[in-house]
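Participant: Below is the file target_26.cif, with mmCIF, C-alpha atoms and all ligand atoms.
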```cif
data_work
loop_
_atom_site.label_atom_id
_atom_site.label_comp_id
_atom_site.auth_asym_id
_atom_site.auth_seq_id
_atom_site.Cartn_x
_atom_site.Cartn_y
_atom_site.Cartn_z
CA MET A 1 -14.11 -68.18 -47.87
CA LYS A 2 -11.60 -69.82 -50.13
CA GLN A 3 -8.86 -67.65 -51.63
CA ILE A 4 -6.90 -69.00 -54.55
CA ALA A 5 -4.32 -67.52 -56.89
CA LEU A 6 -3.31 -68.46 -60.41
CA TYR A 7 0.32 -67.75 -61.23
CA GLY A 8 2.25 -68.37 -64.42
CA LYS A 9 4.26 -66.92 -67.25
CA GLY A 10 2.77 -64.03 -69.23
CA GLY A 11 0.56 -65.18 -72.07
CA ILE A 12 0.26 -68.72 -70.78
CA GLY A 13 -3.50 -68.47 -70.28
CA LYS A 14 -3.98 -67.43 -66.65
CA SER A 15 -6.69 -64.86 -67.32
CA THR A 16 -8.55 -67.11 -69.74
CA THR A 17 -8.44 -69.90 -67.19
CA ALA A 18 -9.30 -67.61 -64.26
CA ALA A 19 -12.30 -66.02 -65.98
CA ASN A 20 -13.69 -69.38 -67.07
CA LEU A 21 -13.04 -70.80 -63.62
CA SER A 22 -14.89 -67.90 -61.98
CA ALA A 23 -17.78 -68.28 -64.44
CA ALA A 24 -17.92 -72.03 -63.74
CA LEU A 25 -17.87 -71.56 -59.96
CA ALA A 26 -20.54 -68.85 -60.18
CA GLY A 27 -22.65 -71.38 -62.08
CA GLU A 28 -22.51 -73.60 -59.00
CA GLY A 29 -24.19 -70.82 -57.05
CA LEU A 30 -21.01 -69.48 -55.45
CA ASP A 31 -20.28 -65.82 -54.85
CA ILE A 32 -17.02 -65.05 -56.67
CA LEU A 33 -14.61 -62.13 -56.62
CA GLN A 34 -11.91 -62.11 -59.31
CA ILE A 35 -8.99 -59.73 -58.89
CA GLY A 36 -6.71 -59.10 -61.85
CA CYS A 37 -3.21 -58.51 -60.47
CA ASP A 38 -1.43 -57.96 -63.77
CA PRO A 39 -0.62 -54.52 -65.20
CA LYS A 40 -2.14 -55.83 -68.47
CA HIS A 41 -5.48 -55.35 -66.64
CA ASP A 42 -7.41 -57.68 -68.95
CA SER A 43 -8.09 -60.42 -66.41
CA THR A 44 -11.81 -59.82 -66.06
CA ARG A 45 -12.49 -58.45 -69.53
CA MET A 46 -14.35 -61.49 -70.86
CA LEU A 47 -16.49 -61.61 -67.70
CA MET A 48 -17.25 -57.93 -68.37
CA HIS A 49 -18.18 -58.58 -72.04
CA GLY A 50 -15.20 -56.73 -73.40
CA THR A 51 -15.39 -53.67 -71.17
CA TRP A 52 -12.15 -52.34 -69.73
CA ILE A 53 -13.13 -51.54 -66.17
CA PRO A 54 -11.24 -48.69 -64.44
CA THR A 55 -8.18 -49.95 -62.59
CA VAL A 56 -7.59 -49.29 -58.93
CA LEU A 57 -4.25 -47.60 -59.64
CA ASP A 58 -5.75 -45.28 -62.26
CA LEU A 59 -8.50 -44.27 -59.85
CA ILE A 60 -6.03 -43.66 -57.05
CA ARG A 61 -3.93 -41.51 -59.38
CA GLU A 62 -6.94 -39.54 -60.58
CA ARG A 63 -8.79 -38.99 -57.34
CA GLY A 64 -6.72 -40.08 -54.40
CA GLU A 65 -7.55 -43.10 -52.31
CA GLU A 66 -9.96 -41.41 -49.91
CA GLU A 67 -12.46 -40.55 -52.63
CA ILE A 68 -12.91 -44.09 -53.92
CA THR A 69 -15.97 -46.20 -53.10
CA VAL A 70 -16.65 -49.91 -53.65
CA ASP A 71 -18.74 -49.17 -56.73
CA ASP A 72 -15.81 -47.38 -58.34
CA VAL A 73 -13.61 -50.47 -58.28
CA VAL A 74 -15.85 -53.56 -58.09
CA TYR A 75 -17.90 -54.38 -61.19
CA GLN A 76 -20.50 -57.12 -61.66
CA GLY A 77 -19.78 -59.35 -64.62
CA PHE A 78 -21.25 -62.57 -66.03
CA ARG A 79 -23.27 -64.52 -63.44
CA GLY A 80 -22.63 -61.80 -60.90
CA VAL A 81 -18.89 -62.43 -60.66
CA ARG A 82 -17.42 -59.33 -59.01
CA CYS A 83 -14.46 -58.01 -60.98
CA VAL A 84 -11.52 -55.85 -59.91
CA GLU A 85 -8.40 -54.83 -61.87
CA ALA A 86 -5.37 -53.62 -59.92
CA GLY A 87 -3.77 -52.03 -62.97
CA GLY A 88 -0.20 -50.90 -63.28
CA PRO A 89 2.14 -47.95 -63.30
CA GLU A 90 2.45 -45.57 -66.21
CA PRO A 91 4.82 -47.25 -68.67
CA GLY A 92 8.45 -46.59 -67.87
CA ILE A 93 7.96 -45.25 -64.38
CA GLY A 94 6.95 -46.69 -61.06
CA CYS A 95 6.70 -50.16 -59.67
CA ALA A 96 4.24 -52.69 -61.08
CA GLY A 97 4.00 -54.62 -57.83
CA ARG A 98 2.85 -51.51 -56.00
CA GLY A 99 -0.48 -51.66 -57.78
CA ILE A 100 -1.24 -54.89 -56.04
CA ILE A 101 -0.29 -53.60 -52.63
CA ALA A 102 -2.38 -50.46 -53.12
CA THR A 103 -5.31 -52.52 -54.39
CA PHE A 104 -5.32 -54.84 -51.41
CA GLN A 105 -5.09 -51.98 -48.96
CA LEU A 106 -8.02 -50.28 -50.64
CA LEU A 107 -10.18 -53.42 -50.89
CA GLU A 108 -9.55 -54.12 -47.23
CA ARG A 109 -10.52 -50.61 -46.24
CA LEU A 110 -13.70 -50.91 -48.33
CA ASN A 111 -14.40 -54.32 -46.81
CA ALA A 112 -14.63 -55.76 -50.32
CA LEU A 113 -12.49 -58.88 -49.90
CA LYS A 114 -15.40 -61.23 -49.41
CA GLY A 115 -17.43 -63.96 -51.10
CA ASP A 116 -17.27 -67.74 -51.28
CA VAL A 117 -14.16 -67.74 -53.46
CA ILE A 118 -11.64 -65.02 -54.31
CA VAL A 119 -9.64 -65.73 -57.47
CA TYR A 120 -6.40 -63.77 -57.78
CA ASP A 121 -5.01 -63.73 -61.31
CA VAL A 122 -1.34 -62.86 -60.93
CA LEU A 123 1.51 -62.55 -63.38
CA GLY A 124 4.41 -64.87 -62.67
CA ASP A 125 7.36 -63.77 -64.75
CA VAL A 126 8.61 -61.70 -61.84
CA VAL A 127 7.84 -62.69 -58.29
CA CYS A 128 8.91 -59.40 -56.72
CA GLY A 129 7.42 -58.37 -53.40
CA GLY A 130 4.38 -56.81 -55.03
CA PHE A 131 3.45 -59.84 -57.09
CA ALA A 132 4.17 -62.12 -54.14
CA MET A 133 1.74 -60.06 -52.05
CA PRO A 134 -1.30 -62.35 -52.53
CA MET A 135 0.69 -65.29 -51.17
CA ARG A 136 2.92 -63.36 -48.80
CA GLU A 137 0.39 -61.55 -46.67
CA GLY A 138 -1.93 -64.45 -46.03
CA TYR A 139 -4.49 -63.67 -48.73
CA ALA A 140 -4.25 -66.64 -51.08
CA GLN A 141 -4.18 -69.98 -49.30
CA GLU A 142 -3.80 -72.06 -52.42
CA ILE A 143 -1.64 -71.28 -55.41
CA TYR A 144 -2.23 -72.90 -58.78
CA LEU A 145 0.59 -72.86 -61.31
CA VAL A 146 -0.51 -72.48 -64.90
CA THR A 147 1.98 -73.82 -67.41
CA SER A 148 2.24 -75.47 -70.79
CA GLY A 149 4.91 -77.97 -71.76
CA GLU A 150 7.19 -75.18 -72.97
CA LEU A 151 10.33 -74.97 -70.93
CA MET A 152 10.06 -71.23 -70.32
CA SER A 153 6.66 -71.60 -68.74
CA ILE A 154 7.85 -74.54 -66.63
CA TYR A 155 10.81 -72.42 -65.47
CA ALA A 156 8.41 -69.65 -64.47
CA ALA A 157 6.20 -72.13 -62.62
CA ASN A 158 9.26 -73.53 -60.85
CA ASN A 159 10.26 -70.01 -59.76
CA ILE A 160 6.84 -69.47 -58.27
CA ALA A 161 7.18 -72.84 -56.49
CA LYS A 162 10.44 -71.46 -55.03
CA ALA A 163 8.61 -68.39 -53.76
CA ILE A 164 5.86 -70.53 -52.20
CA ALA A 165 8.43 -72.78 -50.50
CA ARG A 166 10.27 -69.78 -49.11
CA LEU A 167 7.15 -67.94 -47.97
CA SER A 168 5.63 -71.04 -46.38
CA ARG A 169 8.29 -70.74 -43.70
CA ARG A 170 6.85 -67.41 -42.60
CA ALA A 171 4.22 -67.27 -39.90
CA ARG A 172 1.88 -64.82 -41.64
CA SER A 173 1.71 -66.67 -44.90
CA ARG A 174 -0.74 -69.53 -45.07
CA CYS A 175 -0.03 -70.29 -48.68
CA THR A 176 0.33 -73.75 -50.13
CA LEU A 177 0.55 -75.14 -53.61
CA GLY A 178 -2.85 -76.44 -54.74
CA GLY A 179 -1.71 -78.00 -57.99
CA VAL A 180 -0.44 -77.51 -61.50
CA ILE A 181 -2.77 -76.67 -64.39
CA CYS A 182 -1.54 -77.64 -67.84
CA ASN A 183 -2.90 -75.16 -70.37
CA ALA A 184 -1.87 -77.01 -73.48
CA LYS A 185 0.12 -75.65 -76.39
CA ASN A 186 -0.04 -79.00 -78.12
CA ILE A 187 3.58 -79.86 -77.61
CA ARG A 188 4.63 -83.46 -77.96
CA GLY A 189 4.48 -85.36 -74.66
CA GLU A 190 3.09 -82.24 -73.00
CA ARG A 191 0.61 -83.74 -70.58
CA ASP A 192 3.07 -86.31 -69.25
CA LEU A 193 5.84 -83.73 -69.03
CA VAL A 194 3.76 -81.30 -66.99
CA ALA A 195 2.42 -84.14 -64.81
CA GLU A 196 5.99 -85.25 -64.14
CA PHE A 197 7.03 -81.68 -63.31
CA ALA A 198 4.11 -81.46 -60.88
CA ARG A 199 5.07 -84.77 -59.26
CA ARG A 200 8.68 -83.73 -58.87
CA ILE A 201 7.78 -80.52 -57.10
CA ASN A 202 5.62 -82.51 -54.68
CA SER A 203 2.33 -81.58 -56.32
CA ARG A 204 -0.02 -82.95 -58.95
CA LEU A 205 -1.58 -82.11 -62.26
CA ILE A 206 -5.01 -80.91 -61.17
CA ALA A 207 -6.28 -80.20 -64.68
CA TYR A 208 -5.33 -80.56 -68.31
CA ILE A 209 -6.92 -77.85 -70.42
CA PRO A 210 -6.75 -78.60 -74.12
CA ARG A 211 -5.84 -75.92 -76.62
CA SER A 212 -9.18 -75.10 -78.16
CA HIS A 213 -10.45 -73.01 -81.03
CA GLU A 214 -13.52 -72.37 -78.88
CA VAL A 215 -11.44 -70.07 -76.66
CA GLN A 216 -10.60 -67.77 -79.58
CA VAL A 217 -14.16 -67.74 -80.89
CA ALA A 218 -15.58 -66.92 -77.45
CA GLU A 219 -12.93 -64.22 -77.03
CA LEU A 220 -13.94 -62.61 -80.33
CA HIS A 221 -17.48 -62.54 -78.94
CA ARG A 222 -16.07 -61.01 -75.78
CA GLN A 223 -17.21 -63.82 -73.58
CA THR A 224 -15.81 -66.68 -71.57
CA VAL A 225 -16.21 -70.13 -73.12
CA VAL A 226 -18.48 -71.02 -70.20
CA GLU A 227 -20.87 -68.30 -71.32
CA TYR A 228 -20.47 -68.46 -75.10
CA ALA A 229 -20.44 -72.23 -75.56
CA PRO A 230 -21.78 -73.73 -72.33
CA GLU A 231 -22.40 -77.13 -73.94
CA SER A 232 -18.90 -77.43 -75.41
CA ASP A 233 -16.23 -79.88 -74.29
CA GLN A 234 -14.03 -76.94 -73.37
CA ALA A 235 -16.69 -75.48 -71.05
CA ALA A 236 -16.94 -78.92 -69.41
CA VAL A 237 -13.19 -78.82 -68.78
CA TYR A 238 -13.55 -75.50 -66.92
CA LEU A 239 -16.47 -76.86 -64.88
CA GLU A 240 -14.34 -79.83 -63.94
CA LEU A 241 -11.47 -77.50 -63.01
CA GLY A 242 -13.82 -75.52 -60.78
CA ARG A 243 -14.94 -78.64 -58.95
CA ALA A 244 -11.39 -79.94 -58.58
CA ILE A 245 -10.20 -76.65 -57.11
CA TYR A 246 -13.22 -76.02 -54.91
CA GLY A 247 -12.99 -79.48 -53.39
CA ASN A 248 -9.21 -79.68 -53.31
CA ARG A 249 -7.89 -81.25 -50.13
CA GLU A 250 -4.44 -82.16 -51.43
CA THR A 251 -2.41 -79.03 -51.04
CA GLY A 252 1.18 -78.92 -49.89
CA ILE A 253 4.53 -77.21 -49.79
CA PRO A 254 6.40 -77.55 -53.08
CA THR A 255 9.94 -78.80 -53.56
CA PRO A 256 11.24 -76.69 -56.46
CA LEU A 257 13.79 -78.10 -58.87
CA GLU A 258 17.14 -77.00 -60.20
CA MET A 259 17.07 -75.74 -63.77
CA ASP A 260 19.22 -78.52 -65.20
CA GLU A 261 17.02 -81.11 -63.55
CA ILE A 262 14.04 -79.72 -65.48
CA GLU A 263 15.99 -79.89 -68.73
CA THR A 264 17.13 -83.45 -68.10
CA PHE A 265 13.71 -84.94 -67.53
CA ALA A 266 12.07 -82.75 -70.18
CA LEU A 267 14.34 -84.36 -72.75
CA GLU A 268 12.90 -87.79 -71.96
CA PHE A 269 9.35 -86.61 -72.71
CA ILE A 270 10.05 -84.46 -75.71
CA GLN A 271 12.28 -86.92 -77.55
CA VAL A 272 9.73 -89.74 -77.66
P1 LIG A 301 -2.18 -64.62 -69.46
O1 LIG A 301 -3.29 -64.12 -68.63
O2 LIG A 301 -1.44 -65.76 -68.81
O3 LIG A 301 -1.22 -63.55 -69.89
P2 LIG A 301 -4.24 -65.07 -71.43
O4 LIG A 301 -5.26 -65.77 -70.64
O5 LIG A 301 -4.46 -63.64 -71.73
O6 LIG A 301 -2.80 -65.26 -70.78
O7 LIG A 301 -4.08 -65.91 -72.77
C1 LIG A 301 -3.27 -65.51 -73.84
C2 LIG A 301 -3.93 -65.94 -75.13
O8 LIG A 301 -3.95 -67.35 -75.21
C3 LIG A 301 -5.36 -65.44 -75.24
O9 LIG A 301 -5.51 -64.72 -76.43
C4 LIG A 301 -6.21 -66.68 -75.24
O10 LIG A 301 -7.21 -66.61 -76.20
C5 LIG A 301 -5.24 -67.80 -75.59
N1 LIG A 301 -5.56 -69.05 -74.84
C6 LIG A 301 -5.46 -69.25 -73.53
N2 LIG A 301 -5.83 -70.51 -73.19
C7 LIG A 301 -6.16 -71.12 -74.35
C8 LIG A 301 -6.63 -72.44 -74.69
N3 LIG A 301 -6.80 -73.39 -73.79
N4 LIG A 301 -6.90 -72.70 -76.01
C9 LIG A 301 -6.71 -71.74 -76.93
N5 LIG A 301 -6.27 -70.51 -76.68
C10 LIG A 301 -5.99 -70.18 -75.41
MG MG A 302 -3.65 -62.22 -67.90
#
```
Go ahead and render the structure in this file as structure tokens.
Facilitator:
Amino acid sequence: MKQIALYGKGGIGKSTTAANLSAALAGEGLDILQIGCDPKHDSTRMLMHGTWIPTVLDLIRERGEEEITVDDVVYQGFRGVRCVEAGGPEPGIGCAGRGIIATFQLLERLNALKGDVIVYDVLGDVVCGGFAMPMREGYAQEIYLVTSGELMSIYAANNIAKAIARLSRRARSRCTLGGVICNAKNIRGERDLVAEFARRINSRLIAYIPRSHEVQVAELHRQTVVEYAPESDQAAVYLELGRAIYGNRETGIPTPLEMDEIETFALEFIQV
């Protein structure tokens, strides 16, 4: 079983990428479990054709943990991808990271953490203990950083690289950096900038995902691009991403950068 996690700034395209990745991998005959670890709880929505599945935290609040079965939390989506949403606290109270901890404890108890690939879709603006859980406790072996060429998303990716570097020194954690995914915002010099960022943190650009109108159209039809437009160029990009990740042998420990170093080299790419 391969366990991977996508981390990145909010709104950067993690869930879109994760859902299309899961759909692509399921198309290769693999058994996939996708776990949304963002209080936004919309990670698996396109796989579920627009349905908001109940979140683990909501169920725990309503019924208590003992009363919950696998069928209450794991839902079959497109191509049989199994979908789970951790959920979040009620706005204004509680700890968002706790949802992830509670979800993992429950899924372990229910023996539901299985399949050929588990895809964790995790928010990366804050890497508090809860959100670091997938990498900290030995769940995700490979982390993929999703970023565009915008500085704020590169900063967020760099912060996650810091967390990976720190956690890699712990015995329990097996996590490594699998690569950087550029989800394009069509910024000048973007691909080269993100590739250079990846190189400098001792990693590589594993995929460049173009900004595509197809994503919006598929979303309005409540589907992944892989389902809605399987013959499109964008679907081919997600298939390629799936193969690159599934066969990835080049993982490593990142060397995060200082903030001013990022700004200095970003200038070279953006000014051209
Ligand atoms: P995150 O999970 O990181 O918060 P989402 O996956 O929800 O981000 O994406 C945010 C928005 O960006 C979505 O509405 C989605 O349609 C759009 N989006 C993501 N990737 C692309 C892309 N490659 N091309 C066009 N739109 C995209
Ligand atoms: Mg998301």
Participant: Rounded to one decimal in Å, what is the spacing between atom CA of A:Ser212 and atom CA of A:Thr16?
Facilitator: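 We find that atom CA of A:Ser212 and atom CA of A:Thr16 lie 11.6 Å from each other.
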Participant: Can you work out the spacing between atom CA of A:Asp192 and atom CA of A:Asp121 in Å, to one decimal?
Facilitator: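 Going from atom CA of A:Asp192 over to atom CA of A:Asp121 covers 25.3 Å.
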Participant: How many Å lie between atom CA of A:Asn186 and atom CA of A:Arg211, rounded to one decimal?
Facilitator: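 Between atom CA of A:Asn186 and atom CA of A:Arg211 the gap is 6.7 Å.
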Participant: Neighbouring residues of A:Asp42 were defined as those with any atom within 8 Å, considering all atoms listed in the file; residues of the same chain fewer than 3 positions away were excluded. Please report them as number ranges by chain.
Facilitator: A: 15, 36, 38, 45, 52, 85
Participant: When distances are computed from all atoms listed in the file, which of A:Ser148, A:Ser168, A:Gln216, A:Thr255 shows the smallest separation from A:Ile201?
Facilitator: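 Smallest distance to A:Ile201 is found for A:Thr255.
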Participant: If you count all atoms listed in the file, which residues fall within 8 Å of stretch 29-35 of chain A, apart from same-chain ones fewer than 3 positions away, as a ChimeraX atom specification?
Facilitator: /A:18-19,22,25-26,43-44,80-86,113-121
